[in-house]
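Pasted below: data.txt, compact mmCIF, C-alpha atoms.
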# COMPACT_ATOMS: atom_id res chain seq x y z
CA MET A 1 -73.58 102.41 2.49
CA ASN A 2 -72.59 99.15 4.05
CA VAL A 3 -70.51 99.34 7.11
CA LEU A 4 -68.11 96.46 7.78
CA HIS A 5 -67.70 95.56 11.39
CA ASN A 6 -64.63 93.71 12.62
CA SER A 7 -65.63 90.49 14.36
CA PRO A 8 -64.19 90.30 17.81
CA GLN A 9 -61.62 87.49 18.39
CA ILE A 10 -62.89 84.89 20.76
CA ARG A 11 -60.26 83.30 22.97
CA TYR A 12 -60.94 80.05 24.75
CA PRO A 13 -59.00 79.39 27.86
CA ILE A 14 -56.99 76.15 27.96
CA GLY A 15 -57.69 73.97 30.87
CA PHE A 16 -55.18 71.96 32.86
CA GLY A 17 -56.17 68.66 31.22
CA GLN A 18 -55.65 70.02 27.73
CA THR A 19 -52.25 71.35 28.71
CA VAL A 20 -51.14 67.93 29.91
CA LEU A 21 -52.48 66.26 26.73
CA ILE A 22 -50.56 68.65 24.49
CA ALA A 23 -47.39 68.04 26.46
CA LEU A 24 -47.76 64.27 26.14
CA VAL A 25 -48.38 64.51 22.39
CA ALA A 26 -45.27 66.66 22.00
CA LEU A 27 -43.18 64.16 23.92
CA GLY A 28 -44.56 61.33 21.80
CA LEU A 29 -43.62 63.06 18.56
CA THR A 30 -40.17 63.73 19.87
CA ALA A 31 -39.77 60.09 20.82
CA CYS A 32 -40.87 58.94 17.36
CA SER A 33 -38.50 61.28 15.56
CA THR A 34 -35.43 60.49 17.68
CA PRO A 35 -34.83 56.77 18.36
CA PRO A 36 -33.24 55.92 21.66
CA ARG A 37 -29.53 55.28 21.66
CA THR A 38 -28.66 51.82 22.86
CA LYS A 39 -25.21 50.37 23.50
CA PRO A 40 -24.37 47.46 21.13
CA ALA A 41 -24.38 44.10 22.85
CA THR A 42 -21.01 42.44 23.25
CA ILE A 43 -20.87 39.08 21.41
CA THR A 44 -18.72 36.42 23.00
CA ASP A 45 -17.74 33.36 20.92
CA ARG A 46 -18.06 30.44 23.30
CA SER A 47 -17.85 27.76 20.60
CA THR A 48 -15.12 25.14 20.88
CA PRO A 49 -12.33 25.82 18.37
CA VAL A 50 -12.01 23.16 15.66
CA ALA A 51 -8.67 21.44 15.84
CA SER A 52 -6.90 21.34 12.48
CA ALA A 53 -5.69 17.97 11.23
CA PRO A 54 -1.99 17.44 11.86
CA ALA A 55 0.11 17.82 8.74
CA GLN A 56 1.44 14.56 7.36
CA GLU A 57 5.16 14.11 7.14
CA PRO A 58 6.50 14.02 3.58
CA VAL A 59 7.16 10.56 2.19
CA PRO A 60 10.85 9.91 1.48
CA PRO A 61 11.99 8.98 -2.04
CA GLY A 62 11.29 5.37 -2.91
CA PHE A 63 8.16 5.24 -0.73
CA TYR A 64 4.46 5.90 -1.36
CA ARG A 65 1.56 6.82 0.93
CA VAL A 66 -1.59 4.79 0.18
CA LYS A 67 -4.68 6.79 -0.79
CA ARG A 68 -8.31 5.75 -0.62
CA GLY A 69 -9.18 3.67 -3.69
CA ASP A 70 -5.62 2.47 -4.32
CA THR A 71 -4.83 -1.15 -5.09
CA LEU A 72 -1.45 -2.82 -4.91
CA ILE A 73 -1.60 -3.57 -8.65
CA ARG A 74 -2.17 0.10 -9.48
CA ILE A 75 0.59 1.23 -7.12
CA ALA A 76 2.97 -1.30 -8.68
CA LEU A 77 2.11 -0.25 -12.23
CA ASP A 78 2.53 3.45 -11.43
CA ASN A 79 5.95 2.78 -9.92
CA GLY A 80 7.23 0.33 -12.51
CA GLN A 81 7.33 -2.64 -10.16
CA SER A 82 5.83 -6.07 -9.64
CA TYR A 83 3.08 -6.09 -7.04
CA ARG A 84 4.64 -9.22 -5.57
CA ASP A 85 7.93 -7.40 -5.05
CA ILE A 86 6.18 -4.51 -3.30
CA ALA A 87 4.29 -6.99 -1.14
CA ALA A 88 7.56 -8.72 -0.19
CA TRP A 89 9.37 -5.45 0.57
CA ASN A 90 6.54 -4.41 2.90
CA ASN A 91 5.76 -7.80 4.51
CA ILE A 92 2.25 -7.84 3.02
CA THR A 93 0.64 -11.29 3.04
CA ASP A 94 -2.67 -10.32 1.40
CA PRO A 95 -2.22 -7.84 -1.50
CA ASN A 96 -5.98 -7.23 -1.51
CA LEU A 97 -5.78 -5.50 1.87
CA ILE A 98 -3.74 -2.35 2.29
CA GLU A 99 -4.38 0.57 4.62
CA VAL A 100 -5.17 4.18 3.81
CA ASP A 101 -2.15 6.35 4.81
CA GLN A 102 0.06 3.27 4.97
CA VAL A 103 3.55 4.10 3.69
CA LEU A 104 4.91 1.47 1.30
CA ARG A 105 8.37 0.91 -0.08
CA VAL A 106 8.03 1.01 -3.87
CA LYS A 107 11.72 0.83 -4.83
CA PRO A 108 14.08 -2.08 -4.13
CA PRO A 109 15.74 -1.99 -0.71
CA PRO A 110 19.54 -1.95 -0.45
CA SER A 111 21.02 -5.34 -1.22
CA SER A 112 22.28 -5.64 2.35
CA ALA A 113 18.86 -4.96 3.89
CA ARG A 114 17.12 -7.69 5.82
CA VAL A 115 13.88 -8.65 4.08
CA VAL A 116 11.14 -10.73 5.70
CA THR A 117 9.38 -12.97 3.20
CA LYS A 118 5.81 -14.15 3.71
CA PRO A 119 3.43 -16.24 1.62
CA ILE A 120 1.42 -13.94 -0.65
CA GLU A 121 -2.25 -14.66 -1.25
CA PRO A 122 -3.62 -14.41 -4.81
CA ILE A 123 -5.02 -11.11 -6.05
CA LYS A 124 -8.84 -11.14 -6.05
CA PRO A 125 -10.93 -10.22 -9.13
CA VAL A 126 -11.81 -6.62 -9.91
CA ASP A 127 -14.87 -6.49 -7.65
CA SER A 128 -12.71 -6.94 -4.56
CA LYS A 129 -12.27 -4.12 -2.03
CA ALA A 130 -9.57 -1.57 -2.66
CA SER A 131 -7.67 0.07 0.17
CA THR A 132 -9.29 -0.24 3.57
CA ASP A 133 -8.93 1.42 6.92
CA LYS A 134 -8.77 -1.93 8.71
CA LYS A 135 -5.40 -3.29 9.65
CA VAL A 136 -4.34 -6.66 8.33
CA ALA A 137 -3.44 -9.20 10.98
CA ALA A 138 0.11 -10.35 10.37
CA LYS A 139 0.60 -14.09 10.08
CA LYS A 140 3.41 -15.76 11.95
CA VAL A 141 5.93 -17.01 9.45
CA GLU A 142 9.54 -17.96 9.57
CA GLU A 143 11.92 -15.13 8.72
CA LYS A 144 14.75 -15.69 6.35
CA GLU A 145 17.35 -13.34 5.05
CA VAL A 146 17.41 -12.84 1.31
CA ALA A 147 19.55 -10.72 -0.94
CA SER A 148 17.76 -8.41 -3.32
CA ALA A 149 17.99 -9.67 -6.88
CA GLU A 150 16.70 -6.36 -8.23
CA PRO A 151 19.10 -3.90 -9.88
CA LYS A 152 19.83 -0.71 -7.99
CA ALA A 153 17.02 1.82 -8.04
CA ASP A 154 19.19 4.45 -9.70
CA ALA A 155 20.31 2.17 -12.54
CA VAL A 156 19.73 3.67 -15.97
CA ASP A 157 18.70 1.40 -18.83
CA PRO A 158 19.06 2.33 -22.51
CA PRO A 159 15.87 3.18 -24.43
CA ILE A 160 13.96 0.00 -25.14
CA LYS A 161 13.20 -1.20 -28.67
CA LEU A 162 9.75 -2.73 -29.02
CA SER A 163 8.01 -4.74 -31.72
CA TRP A 164 4.32 -4.24 -32.44
CA PRO A 165 2.24 -6.36 -30.05
CA ALA A 166 -0.68 -6.74 -32.48
CA LYS A 167 -1.62 -6.20 -36.10
CA GLY A 168 -4.24 -3.58 -36.74
CA LYS A 169 -5.07 0.10 -36.98
CA VAL A 170 -4.30 2.52 -34.18
CA VAL A 171 -7.74 3.89 -33.30
CA GLU A 172 -6.73 5.90 -30.23
CA GLU A 173 -3.40 7.68 -29.88
CA PHE A 174 -1.42 8.38 -26.73
CA ASN A 175 -2.63 11.24 -24.55
CA GLU A 176 -1.13 11.51 -21.08
CA ALA A 177 -4.32 13.02 -19.65
CA LYS A 178 -6.91 10.85 -21.43
CA ASN A 179 -5.22 7.73 -22.82
CA LYS A 180 -2.05 6.42 -21.22
CA GLY A 181 -1.21 4.23 -24.20
CA ILE A 182 -2.43 3.43 -27.71
CA ASP A 183 -5.46 1.39 -28.77
CA ILE A 184 -5.06 -1.06 -31.65
CA ALA A 185 -8.23 -2.41 -33.27
CA GLY A 186 -8.42 -6.02 -34.42
CA LYS A 187 -10.49 -9.17 -34.53
CA MET A 188 -11.58 -11.34 -31.64
CA GLY A 189 -8.98 -14.00 -30.85
CA GLU A 190 -6.08 -12.51 -32.83
CA PRO A 191 -2.70 -13.10 -31.16
CA ILE A 192 -1.20 -10.56 -28.78
CA GLN A 193 2.59 -10.77 -28.65
CA ALA A 194 5.23 -9.65 -26.16
CA ALA A 195 6.84 -6.44 -27.39
CA ALA A 196 10.23 -7.40 -25.92
CA ASP A 197 11.91 -10.00 -23.75
CA GLY A 198 10.88 -9.87 -20.12
CA LYS A 199 9.11 -11.42 -17.16
CA VAL A 200 5.36 -11.54 -16.61
CA VAL A 201 4.76 -9.67 -13.34
CA TYR A 202 0.97 -9.68 -13.58
CA ALA A 203 -1.67 -11.72 -15.41
CA GLY A 204 -5.26 -11.23 -14.29
CA ASN A 205 -8.25 -8.90 -14.21
CA SER A 206 -8.14 -7.10 -10.85
CA LEU A 207 -7.24 -3.66 -12.24
CA ARG A 208 -10.47 -1.83 -13.04
CA GLY A 209 -10.76 -0.53 -16.59
CA TYR A 210 -8.17 -2.89 -18.08
CA GLY A 211 -10.07 -6.16 -18.33
CA ASN A 212 -7.88 -9.24 -18.75
CA LEU A 213 -4.42 -7.74 -18.41
CA VAL A 214 -0.80 -8.83 -18.85
CA ILE A 215 2.09 -6.74 -17.51
CA ILE A 216 5.65 -7.54 -18.52
CA LYS A 217 8.74 -6.13 -16.83
CA HIS A 218 11.64 -5.83 -19.26
CA ASP A 219 14.33 -4.30 -17.04
CA ASN A 220 14.63 -1.95 -14.09
CA THR A 221 13.14 0.91 -16.14
CA TYR A 222 10.50 -0.35 -18.56
CA LEU A 223 7.18 -2.16 -18.27
CA THR A 224 4.62 -2.90 -20.97
CA ALA A 225 0.92 -3.55 -20.37
CA TYR A 226 -1.55 -5.39 -22.64
CA ALA A 227 -5.24 -4.88 -21.78
CA HIS A 228 -8.78 -5.98 -22.80
CA ASN A 229 -7.72 -9.49 -23.84
CA ARG A 230 -10.16 -12.34 -24.31
CA THR A 231 -7.79 -14.98 -22.99
CA LEU A 232 -4.40 -14.92 -21.26
CA VAL A 233 -1.94 -17.65 -22.24
CA VAL A 234 0.91 -16.77 -19.86
CA LYS A 235 1.19 -16.84 -16.07
CA GLU A 236 2.83 -14.62 -13.48
CA GLY A 237 6.52 -15.31 -13.08
CA GLU A 238 6.90 -16.70 -16.60
CA ASN A 239 9.79 -15.45 -18.73
CA VAL A 240 8.76 -14.52 -22.26
CA ARG A 241 10.58 -13.74 -25.48
CA LYS A 242 9.99 -10.92 -27.91
CA GLY A 243 7.19 -11.88 -30.31
CA GLN A 244 5.90 -14.69 -28.09
CA ARG A 245 2.11 -15.08 -27.95
CA ILE A 246 0.91 -13.97 -24.52
CA ALA A 247 -2.85 -13.44 -25.03
CA GLU A 248 -5.76 -13.32 -27.46
CA MET A 249 -7.36 -10.04 -28.45
CA GLY A 250 -10.76 -9.34 -26.94
CA ASP A 251 -13.10 -6.74 -25.52
CA SER A 252 -13.02 -7.38 -21.77
CA ASP A 253 -13.92 -4.16 -19.95
CA ALA A 254 -13.98 -2.32 -23.30
CA ASN A 255 -16.56 -1.07 -25.80
CA MET A 256 -14.94 -2.78 -28.80
CA VAL A 257 -12.44 -5.48 -29.71
CA LYS A 258 -9.01 -3.91 -29.28
CA LEU A 259 -5.66 -4.03 -27.54
CA HIS A 260 -4.83 -1.21 -25.15
CA PHE A 261 -1.02 -1.09 -25.07
CA GLU A 262 0.99 0.92 -22.55
CA VAL A 263 4.69 1.57 -22.05
CA ARG A 264 5.81 2.69 -18.59
CA MET A 265 9.22 4.22 -17.91
CA ASN A 266 9.89 4.17 -14.15
CA GLY A 267 6.13 3.88 -13.74
CA LYS A 268 5.32 6.95 -15.84
CA PRO A 269 3.24 6.42 -19.02
CA VAL A 270 5.17 7.32 -22.17
CA ASN A 271 4.16 7.34 -25.83
CA PRO A 272 4.61 3.79 -27.21
CA MET A 273 5.10 5.18 -30.71
CA GLN A 274 8.54 6.43 -29.65
CA TYR A 275 9.68 2.86 -28.98
CA LEU A 276 7.82 0.72 -31.54
CA GLN A 277 9.75 -0.42 -34.60

Can you give me the file's structure in the form of structure tokens?
Amino acid sequence: MNVLHNSPQIRYPIGFGQTVLIALVALGLTACSTPPRTKPATITDRSTPVASAPAQEPVPPGFYRVKRGDTLIRIALDNGQSYRDIAAWNNITDPNLIEVDQVLRVKPPPSSARVVTKPIEPIKPVDSKASTDKKVAAKKVEEKEVASAEPKADAVDPPIKLSWPAKGKVVEEFNEAKNKGIDIAGKMGEPIQAAADGKVVYAGNSLRGYGNLVIIKHDNTYLTAYAHNRTLVVKEGENVRKGQRIAEMGDSDANMVKLHFEVRMNGKPVNPMQYLQ
């Protein structure tokens, strides 16, 4: 018979060095399992605050604040005026140079107002600079008092009756967002006629996108514009009659031979088809 003997348990004494090692290991494990608590750092914003641009004062009725890219011709067209009148009302000697943020009178002054007249330089071609930040040096000229020949700004004219300015097919209809008038196709050199009696307030090519352009002012309310002509046969300041030849059809600043015809009521584009007879 086999007799099983229990093996005696052997105990090894732990020395002082081992005790210290075990204690250090235990502390290390505790440190790994519990991260130290640190106080969040206080962040101080020492940057210089950015000063906000001062708000511009609203422009009173009858005035306009010049924006970058504006030209006096465009401002005049959008307000139903002659650029020469706006130049005179604002003592501008060179209509090619206007200032960004400059406030311009775009409606006739009261008839009793004192107006300073100055010689006005010709408008430059379309590649000239638009509005600029540089101030225009005023030229010394003799002042003289003039009475405004313009009707009152609040005068109301009856709806205008227009004749067709050209013969041809309407290839592009009025769309206030995309086409501020109508486009009439035709042949090179065909006559362009004044749609109503009036005065030529612009004849030139300084308004980008319009080519050789004629603008006629009919009364205090209505303007008509005739664009993309080959040749202009009228001059600024000339009085014209309804049906009078004012230009020849062309394709200046356009992709085809056509007349772009606009009607402006107080400077706002309106559908010419409502006025053509």

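When atom CA of Arg84 of chain A is paired with atom CA of Leu104 of chain A, their separation reads 12.7 Å.
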
Given the choices A:Tyr202, A:Phe63, A:Trp89, A:Tyr226, which gets closest to Lys180 of chain A if the distance is worked out from only C-alpha atoms?
->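 Checking each candidate against Lys180 of chain A, we get A:Tyr226 as the closest.
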
Pick out the residues sitting within 9 Å of Val66 of chain A, and hand them over as a PyMOL selection string; count only C-alpha atoms, and ignore anything fewer than 3 positions along from it in its own chain.
-> chain A and resi 69-71+75+98-104+131

Export C-alpha atoms of the chosen residues as an mmCIF file, in the coordinates of the input?
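Result file part_22.cif:
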data_model
loop_
_atom_site.group_PDB
_atom_site.id
_atom_site.type_symbol
_atom_site.label_atom_id
_atom_site.label_comp_id
_atom_site.auth_asym_id
_atom_site.auth_seq_id
_atom_site.Cartn_x
_atom_site.Cartn_y
_atom_site.Cartn_z
ATOM 1 C CA GLY A 69 -9.180 3.670 -3.690
ATOM 2 C CA ASP A 70 -5.620 2.470 -4.320
ATOM 3 C CA THR A 71 -4.830 -1.150 -5.090
ATOM 4 C CA ILE A 75 0.590 1.230 -7.120
ATOM 5 C CA ILE A 98 -3.740 -2.350 2.290
ATOM 6 C CA GLU A 99 -4.380 0.570 4.620
ATOM 7 C CA VAL A 100 -5.170 4.180 3.810
ATOM 8 C CA ASP A 101 -2.150 6.350 4.810
ATOM 9 C CA GLN A 102 0.060 3.270 4.970
ATOM 10 C CA VAL A 103 3.550 4.100 3.690
ATOM 11 C CA LEU A 104 4.910 1.470 1.300
ATOM 12 C CA SER A 131 -7.670 0.070 0.170
#

Coordinates-based distance that separates atom CA of Met273 of chain A from atom CA of Phe174 of chain A (Å, one decimal) | 8.3 Å

Atom CA of Gly181 of chain A sits from atom CA of Gly204 of chain A at a separation of 18.8 Å

So which residues touch Leu232 of chain A within 12 Å, counting only C-alpha atoms, skipping near sequence neighbours fewer than 4 positions away, as a count of residues only?
-> 26

Pick from A:Gly168, A:Pro95, A:Pro58, A:Gly267, whichever lies nearest to Thr221 of chain A using all atoms listed in the file =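 Of A:Gly168, A:Pro95, A:Pro58, A:Gly267, the one nearest Thr221 of chain A is A:Gly267, counting all atoms listed in the file.
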
Residues at most 8 Å from Glu173 of chain A, counting all atoms listed in the file, excluding those fewer than 5 positions away in the same chain, as a PyMOL selection string?
-> chain A and resi 179+181-183

So, counting all atoms listed in the file, which residue among A:Asn96, A:Gln277, A:Asn229, A:Ser206 is closest to Ala254 of chain A?
-> A:Asn229

Generate N, CA and C atoms for segment 88-112 of chain A and emit them as a PDB file, in the frame of the given file.
ATOM      1  N   ALA A  88       6.440  -8.120  -0.929  1.00  0.00           N
ATOM      2  CA  ALA A  88       7.560  -8.720  -0.190  1.00  0.00           C
ATOM      3  C   ALA A  88       8.350  -7.656   0.563  1.00  0.00           C
ATOM      4  N   TRP A  89       8.588  -6.507  -0.082  1.00  0.00           N
ATOM      5  CA  TRP A  89       9.370  -5.450   0.570  1.00  0.00           C
ATOM      6  C   TRP A  89       8.660  -4.879   1.792  1.00  0.00           C
ATOM      7  N   ASN A  90       7.322  -5.006   1.808  1.00  0.00           N
ATOM      8  CA  ASN A  90       6.540  -4.410   2.900  1.00  0.00           C
ATOM      9  C   ASN A  90       5.874  -5.452   3.799  1.00  0.00           C
ATOM     10  N   ASN A  91       6.283  -6.713   3.656  1.00  0.00           N
ATOM     11  CA  ASN A  91       5.760  -7.800   4.510  1.00  0.00           C
ATOM     12  C   ASN A  91       4.239  -7.904   4.428  1.00  0.00           C
ATOM     13  N   ILE A  92       3.693  -7.759   3.228  1.00  0.00           N
ATOM     14  CA  ILE A  92       2.250  -7.840   3.020  1.00  0.00           C
ATOM     15  C   ILE A  92       1.904  -9.267   2.609  1.00  0.00           C
ATOM     16  N   THR A  93       1.028  -9.912   3.367  1.00  0.00           N
ATOM     17  CA  THR A  93       0.640 -11.290   3.040  1.00  0.00           C
ATOM     18  C   THR A  93      -0.571 -11.339   2.122  1.00  0.00           C
ATOM     19  N   ASP A  94      -1.463 -10.362   2.235  1.00  0.00           N
ATOM     20  CA  ASP A  94      -2.670 -10.320   1.400  1.00  0.00           C
ATOM     21  C   ASP A  94      -2.658  -9.023   0.600  1.00  0.00           C
ATOM     22  N   PRO A  95      -2.304  -9.069  -0.692  1.00  0.00           N
ATOM     23  CA  PRO A  95      -2.220  -7.840  -1.500  1.00  0.00           C
ATOM     24  C   PRO A  95      -3.562  -7.175  -1.735  1.00  0.00           C
ATOM     25  N   ASN A  96      -4.664  -7.847  -1.370  1.00  0.00           N
ATOM     26  CA  ASN A  96      -5.980  -7.230  -1.510  1.00  0.00           C
ATOM     27  C   ASN A  96      -6.296  -6.282  -0.361  1.00  0.00           C
ATOM     28  N   LEU A  97      -5.504  -6.325   0.692  1.00  0.00           N
ATOM     29  CA  LEU A  97      -5.780  -5.500   1.870  1.00  0.00           C
ATOM     30  C   LEU A  97      -4.581  -4.626   2.190  1.00  0.00           C
ATOM     31  N   ILE A  98      -4.733  -3.341   1.899  1.00  0.00           N
ATOM     32  CA  ILE A  98      -3.740  -2.350   2.290  1.00  0.00           C
ATOM     33  C   ILE A  98      -4.478  -1.220   2.991  1.00  0.00           C
ATOM     34  N   GLU A  99      -3.760  -0.447   3.787  1.00  0.00           N
ATOM     35  CA  GLU A  99      -4.380   0.570   4.620  1.00  0.00           C
ATOM     36  C   GLU A  99      -4.223   1.963   4.034  1.00  0.00           C
ATOM     37  N   VAL A 100      -5.269   2.775   4.159  1.00  0.00           N
ATOM     38  CA  VAL A 100      -5.170   4.180   3.810  1.00  0.00           C
ATOM     39  C   VAL A 100      -4.125   4.829   4.716  1.00  0.00           C
ATOM     40  N   ASP A 101      -3.250   5.657   4.129  1.00  0.00           N
ATOM     41  CA  ASP A 101      -2.150   6.350   4.810  1.00  0.00           C
ATOM     42  C   ASP A 101      -0.981   5.428   5.147  1.00  0.00           C
ATOM     43  N   GLN A 102      -1.078   4.171   4.780  1.00  0.00           N
ATOM     44  CA  GLN A 102       0.060   3.270   4.970  1.00  0.00           C
ATOM     45  C   GLN A 102       1.184   3.691   4.020  1.00  0.00           C
ATOM     46  N   VAL A 103       2.403   3.732   4.515  1.00  0.00           N
ATOM     47  CA  VAL A 103       3.550   4.100   3.690  1.00  0.00           C
ATOM     48  C   VAL A 103       4.242   2.827   3.213  1.00  0.00           C
ATOM     49  N   LEU A 104       4.346   2.685   1.893  1.00  0.00           N
ATOM     50  CA  LEU A 104       4.910   1.470   1.300  1.00  0.00           C
ATOM     51  C   LEU A 104       6.237   1.772   0.610  1.00  0.00           C
ATOM     52  N   ARG A 105       7.150   0.832   0.731  1.00  0.00           N
ATOM     53  CA  ARG A 105       8.370   0.910  -0.080  1.00  0.00           C
ATOM     54  C   ARG A 105       8.018   0.485  -1.493  1.00  0.00           C
ATOM     55  N   VAL A 106       8.355   1.320  -2.479  1.00  0.00           N
ATOM     56  CA  VAL A 106       8.030   1.010  -3.870  1.00  0.00           C
ATOM     57  C   VAL A 106       9.291   0.911  -4.745  1.00  0.00           C
ATOM     58  N   LYS A 107      10.448   1.026  -4.129  1.00  0.00           N
ATOM     59  CA  LYS A 107      11.720   0.830  -4.830  1.00  0.00           C
ATOM     60  C   LYS A 107      12.507  -0.250  -4.088  1.00  0.00           C
ATOM     61  N   PRO A 108      13.358  -0.977  -4.783  1.00  0.00           N
ATOM     62  CA  PRO A 108      14.080  -2.080  -4.130  1.00  0.00           C
ATOM     63  C   PRO A 108      14.895  -1.586  -2.944  1.00  0.00           C
ATOM     64  N   PRO A 109      14.900  -2.349  -1.857  1.00  0.00           N
ATOM     65  CA  PRO A 109      15.740  -1.990  -0.710  1.00  0.00           C
ATOM     66  C   PRO A 109      17.205  -2.233  -1.024  1.00  0.00           C
ATOM     67  N   PRO A 110      18.108  -1.662  -0.241  1.00  0.00           N
ATOM     68  CA  PRO A 110      19.540  -1.950  -0.450  1.00  0.00           C
ATOM     69  C   PRO A 110      19.792  -3.450  -0.385  1.00  0.00           C
ATOM     70  N   SER A 111      20.765  -3.900  -1.132  1.00  0.00           N
ATOM     71  CA  SER A 111      21.020  -5.340  -1.220  1.00  0.00           C
ATOM     72  C   SER A 111      21.388  -5.949   0.119  1.00  0.00           C
ATOM     73  N   SER A 112      21.889  -5.122   1.042  1.00  0.00           N
ATOM     74  CA  SER A 112      22.280  -5.640   2.350  1.00  0.00           C
ATOM     75  C   SER A 112      21.146  -5.606   3.354  1.00  0.00           C
TER      76      SER A 112
END
